[in-house]
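A.B. asks: Below you'll find protein_20.txt; it's compact mmCIF, C-alpha atoms.
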```txt
# COMPACT_ATOMS: atom_id res chain seq x y z
CA MET M 234 -13.99 2.76 0.75
CA ILE M 235 -11.28 0.39 1.94
CA ASN M 236 -11.70 -1.01 5.46
CA HIS M 237 -9.05 -0.90 8.22
CA GLU M 238 -7.84 -4.46 7.58
CA ALA M 239 -7.23 -3.60 3.93
CA GLU M 240 -5.25 -0.48 4.86
CA ARG M 241 -3.04 -2.55 7.16
CA LEU M 242 -2.33 -5.18 4.52
CA LEU M 243 -1.57 -2.59 1.84
CA ALA M 244 1.27 -1.37 4.01
CA LYS M 245 2.50 -4.94 4.63
CA GLY M 246 2.27 -6.21 1.03
CA GLU M 247 0.66 -9.57 1.81
CA LEU M 248 -1.98 -11.15 4.01
CA ARG M 249 -2.35 -14.66 5.41
CA ILE M 250 -5.99 -15.74 5.07
CA LYS M 251 -7.70 -19.00 6.02
CA VAL M 252 -9.57 -20.41 3.00
CA LYS M 253 -11.28 -23.67 2.14
CA ARG M 254 -9.24 -25.29 -0.62
CA SER M 255 -9.73 -28.84 -1.91
CA GLY M 256 -12.17 -29.50 0.93
CA MET M 257 -9.69 -28.49 3.66
CA LEU M 258 -9.20 -25.29 5.60
CA GLN M 259 -5.76 -23.90 4.81
CA TYR M 260 -3.88 -20.67 5.34
CA GLN M 261 -2.83 -19.06 2.06
CA ILE M 262 -0.64 -16.00 1.49
CA PHE M 263 -2.37 -13.43 -0.71
CA LYS M 264 -0.01 -10.87 -2.26
CA VAL M 265 -0.98 -7.25 -2.84
CA ARG M 266 -0.42 -6.10 -6.38
CA LYS M 267 -1.25 -3.10 -8.54
CA VAL M 268 -3.24 -3.69 -11.72
CA GLN M 269 -3.30 -1.21 -14.57
CA PHE M 270 -6.79 0.00 -15.46
CA GLY M 271 -6.62 2.42 -18.37
CA SER M 272 -4.21 5.16 -17.32
CA ALA M 273 -4.76 4.48 -13.59
CA PHE M 274 -4.08 1.60 -11.21
CA TYR M 275 -6.10 -0.32 -8.63
CA VAL M 276 -4.99 -2.70 -5.88
CA GLU M 277 -6.01 -6.34 -5.57
CA LEU M 278 -5.15 -9.44 -3.57
CA PHE M 279 -3.50 -12.14 -5.69
CA LEU M 280 -3.25 -15.88 -5.10
CA ASP M 281 -1.62 -18.05 -7.78
CA LYS M 282 -3.59 -21.15 -6.73
CA ASN M 283 -7.12 -22.40 -7.39
CA ILE M 284 -9.79 -21.78 -4.79
CA GLU M 285 -13.54 -22.11 -5.19
CA LEU M 286 -15.43 -19.10 -6.49
CA SER M 287 -17.48 -18.89 -3.29
CA GLU M 288 -14.28 -18.66 -1.22
CA ALA M 289 -12.85 -15.95 -3.47
CA ILE M 290 -16.08 -13.96 -3.07
CA ARG M 291 -16.03 -14.44 0.70
CA VAL M 292 -12.44 -13.21 0.98
CA SER M 293 -13.17 -10.23 -1.27
CA ASN M 294 -16.22 -9.22 0.79
CA ASP M 295 -14.47 -9.78 4.15
CA ILE M 296 -11.35 -7.77 3.27
CA GLY M 297 -13.03 -5.24 0.99
CA LEU M 298 -10.64 -5.58 -1.95
CA PRO M 299 -10.73 -7.33 -5.34
CA VAL M 300 -9.33 -10.87 -5.36
CA GLN M 301 -7.55 -12.53 -8.31
CA THR M 302 -6.88 -16.26 -8.20
CA LYS M 303 -5.59 -18.62 -10.84
CA THR M 304 -9.10 -19.07 -12.26
CA HIS M 305 -11.28 -16.22 -10.92
CA LYS M 306 -11.32 -12.46 -10.51
CA VAL M 307 -13.94 -11.09 -8.11
CA PHE M 308 -14.83 -7.76 -6.57
CA PRO M 309 -16.68 -7.08 -3.32
CA THR M 310 -20.44 -7.07 -3.76
CA GLY M 311 -21.64 -3.91 -5.49
CA LYS M 312 -18.14 -2.67 -6.38
CA SER M 313 -16.06 -2.53 -9.56
CA ALA M 314 -12.51 -1.61 -10.51
CA HIS M 315 -13.45 2.09 -10.55
CA ASP M 316 -14.03 1.95 -6.78
CA PHE M 317 -10.41 0.94 -6.08
CA ILE M 318 -8.43 3.26 -8.33
CA ILE M 319 -5.46 4.78 -6.54
```
Take the structure from the file and write it as structure tokens.
C.D. replies:
Amino acid sequence: MINHEAERLLAKGELRIKVKRSGMLQYQIFKVRKVQFGSAFYVELFLDKNIELSEAIRVSNDIGLPVQTKTHKVFPTGKSAHDFII
């Protein structure tokens, strides 16, 4: 189930999130995008920059959506793509 913050950002199309990047706290704009999964689609947050794996996991768990960065793709703990199919 998607939390209230995730529902709000899906309507907006992007979300500004504070992340630790290169040892500094920075705000980054994560875009919402649809990813094809077989014949269905699921929604994820996308950032075209590198962030540490631990930060990607934190963002994914806090927001409740999958996160794709330049080097990592993570899902909230205990979830997979099947849980986000729209």
A.B. asks: Check the smallest atom-to-atom distance from each of M:Ile262, M:Met257, M:Ala273, M:Val252 to His315 in chain M using only C-alpha atoms, then report the winner.
C.D. replies: M:Ala273
A.B. asks: Write out as a PyMOL selection string which residues come within 12 Å of Lys312 in chain M when counting all atoms listed in the file, dropping same-chain ones fewer than 3 positions away.
C.D. replies: chain M and resi 234-235+290+293-294+297-299+307-309+315-318
A.B. asks: Measure the distance from CA of Arg249 in chain M to CA of Leu286 in chain M in Å and round it to one decimal.
C.D. replies: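 Computing it gives 18.2 Å between the two atoms.
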A.B. asks: Do you have the CA of Ser272 in chain M-CA of Lys303 in chain M distance handy?
C.D. replies: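 One can read the CA of Ser272 in chain M to CA of Lys303 in chain M distance as 24.7 Å.
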A.B. asks: Do you know which residues are at most 8 Å from Arg254 in chain M counting only C-alpha atoms, after dropping those on the same chain fewer than 3 positions away, and could you put them as a list in words?
C.D. replies: Met257, Leu258, Gln259, Asn283, Ile284 and Glu285 of chain M
A.B. asks: My list of candidates is M:Phe279, M:Lys251, M:Arg266, M:Gly246. Which is closest to Asp295 in chain M when distances are computed with all atoms listed in the file?
C.D. replies: M:Lys251
A.B. asks: Would you compute the box with edges along x, y and z of the file around range 290-305 of chain M, including every atom the file lists for it and 3 Å extra on each side, and give its centre and edge lengths in Å to one decimal, as AutoDock Vina command-line options?
C.D. replies:
```
--center_x -10.9 --center_y -12.2 --center_z -4.1 --size_x 16.6 --size_y 19.8 --size_z 22.4
```
A.B. asks: Of the candidates M:Val265, M:Val292, M:Asp281, M:Tyr260, which shows the shortest atom-to-atom distance to Lys245 in chain M, using all atoms listed in the file?
C.D. replies: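 Of the candidates, the smallest distance to Lys245 in chain M is held by M:Val265.
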A.B. asks: So which one's closest to Tyr275 in chain M, M:Gly256, M:Glu288, M:Val300, M:Ile250? Using all atoms listed in the file, please.
C.D. replies: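 Answer, going by the shortest atom-to-atom distance: M:Val300.
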A.B. asks: Out of M:Ile296, M:Ile319, M:Leu248, M:Val268, which residue has the shortest atom-to-atom distance to Leu280 in chain M when counting only C-alpha atoms?
C.D. replies: M:Leu248
A.B. asks: What does the structure give for the distance between CA of Thr310 in chain M and CA of Ser287 in chain M, in Å to one decimal?
C.D. replies: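 Taking CA of Thr310 in chain M and CA of Ser287 in chain M, their separation equals 12.2 Å.
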A.B. asks: Any chance you could model N, CA and C atoms for range 277-293 of chain M and send them as a compact mmCIF listing (two decimals), in the frame of the given file?
C.D. replies:
```txt
# COMPACT_ATOMS: atom_id res chain seq x y z
N GLU M 277 -5.27 -5.10 -5.79
CA GLU M 277 -6.01 -6.34 -5.57
C GLU M 277 -5.17 -7.32 -4.78
N LEU M 278 -5.83 -8.32 -4.21
CA LEU M 278 -5.15 -9.44 -3.57
C LEU M 278 -4.98 -10.53 -4.62
N PHE M 279 -3.80 -11.14 -4.67
CA PHE M 279 -3.50 -12.14 -5.69
C PHE M 279 -3.06 -13.44 -5.05
N LEU M 280 -3.64 -14.54 -5.52
CA LEU M 280 -3.25 -15.88 -5.10
C LEU M 280 -3.07 -16.71 -6.36
N ASP M 281 -1.90 -17.30 -6.55
CA ASP M 281 -1.62 -18.05 -7.78
C ASP M 281 -2.06 -19.51 -7.71
N LYS M 282 -3.05 -19.80 -6.86
CA LYS M 282 -3.59 -21.15 -6.73
C LYS M 282 -5.09 -21.11 -6.99
N ASN M 283 -5.67 -22.29 -7.20
CA ASN M 283 -7.12 -22.40 -7.39
C ASN M 283 -7.81 -22.44 -6.04
N ILE M 284 -8.86 -21.63 -5.90
CA ILE M 284 -9.79 -21.78 -4.79
C ILE M 284 -11.19 -21.66 -5.39
N GLU M 285 -12.17 -22.15 -4.67
CA GLU M 285 -13.54 -22.11 -5.19
C GLU M 285 -14.00 -20.67 -5.32
N LEU M 286 -14.90 -20.44 -6.26
CA LEU M 286 -15.43 -19.10 -6.49
C LEU M 286 -16.07 -18.54 -5.24
N SER M 287 -16.81 -19.36 -4.51
CA SER M 287 -17.48 -18.89 -3.29
C SER M 287 -16.47 -18.43 -2.25
N GLU M 288 -15.33 -19.08 -2.15
CA GLU M 288 -14.28 -18.66 -1.22
C GLU M 288 -13.64 -17.35 -1.66
N ALA M 289 -13.42 -17.20 -2.96
CA ALA M 289 -12.85 -15.95 -3.47
C ALA M 289 -13.80 -14.78 -3.18
N ILE M 290 -15.09 -15.00 -3.36
CA ILE M 290 -16.08 -13.96 -3.07
C ILE M 290 -16.10 -13.64 -1.59
N ARG M 291 -16.04 -14.65 -0.75
CA ARG M 291 -16.03 -14.44 0.70
C ARG M 291 -14.83 -13.61 1.13
N VAL M 292 -13.66 -13.95 0.64
CA VAL M 292 -12.44 -13.21 0.98
C VAL M 292 -12.56 -11.76 0.50
N SER M 293 -13.03 -11.57 -0.72
CA SER M 293 -13.17 -10.23 -1.27
C SER M 293 -14.13 -9.38 -0.43
```
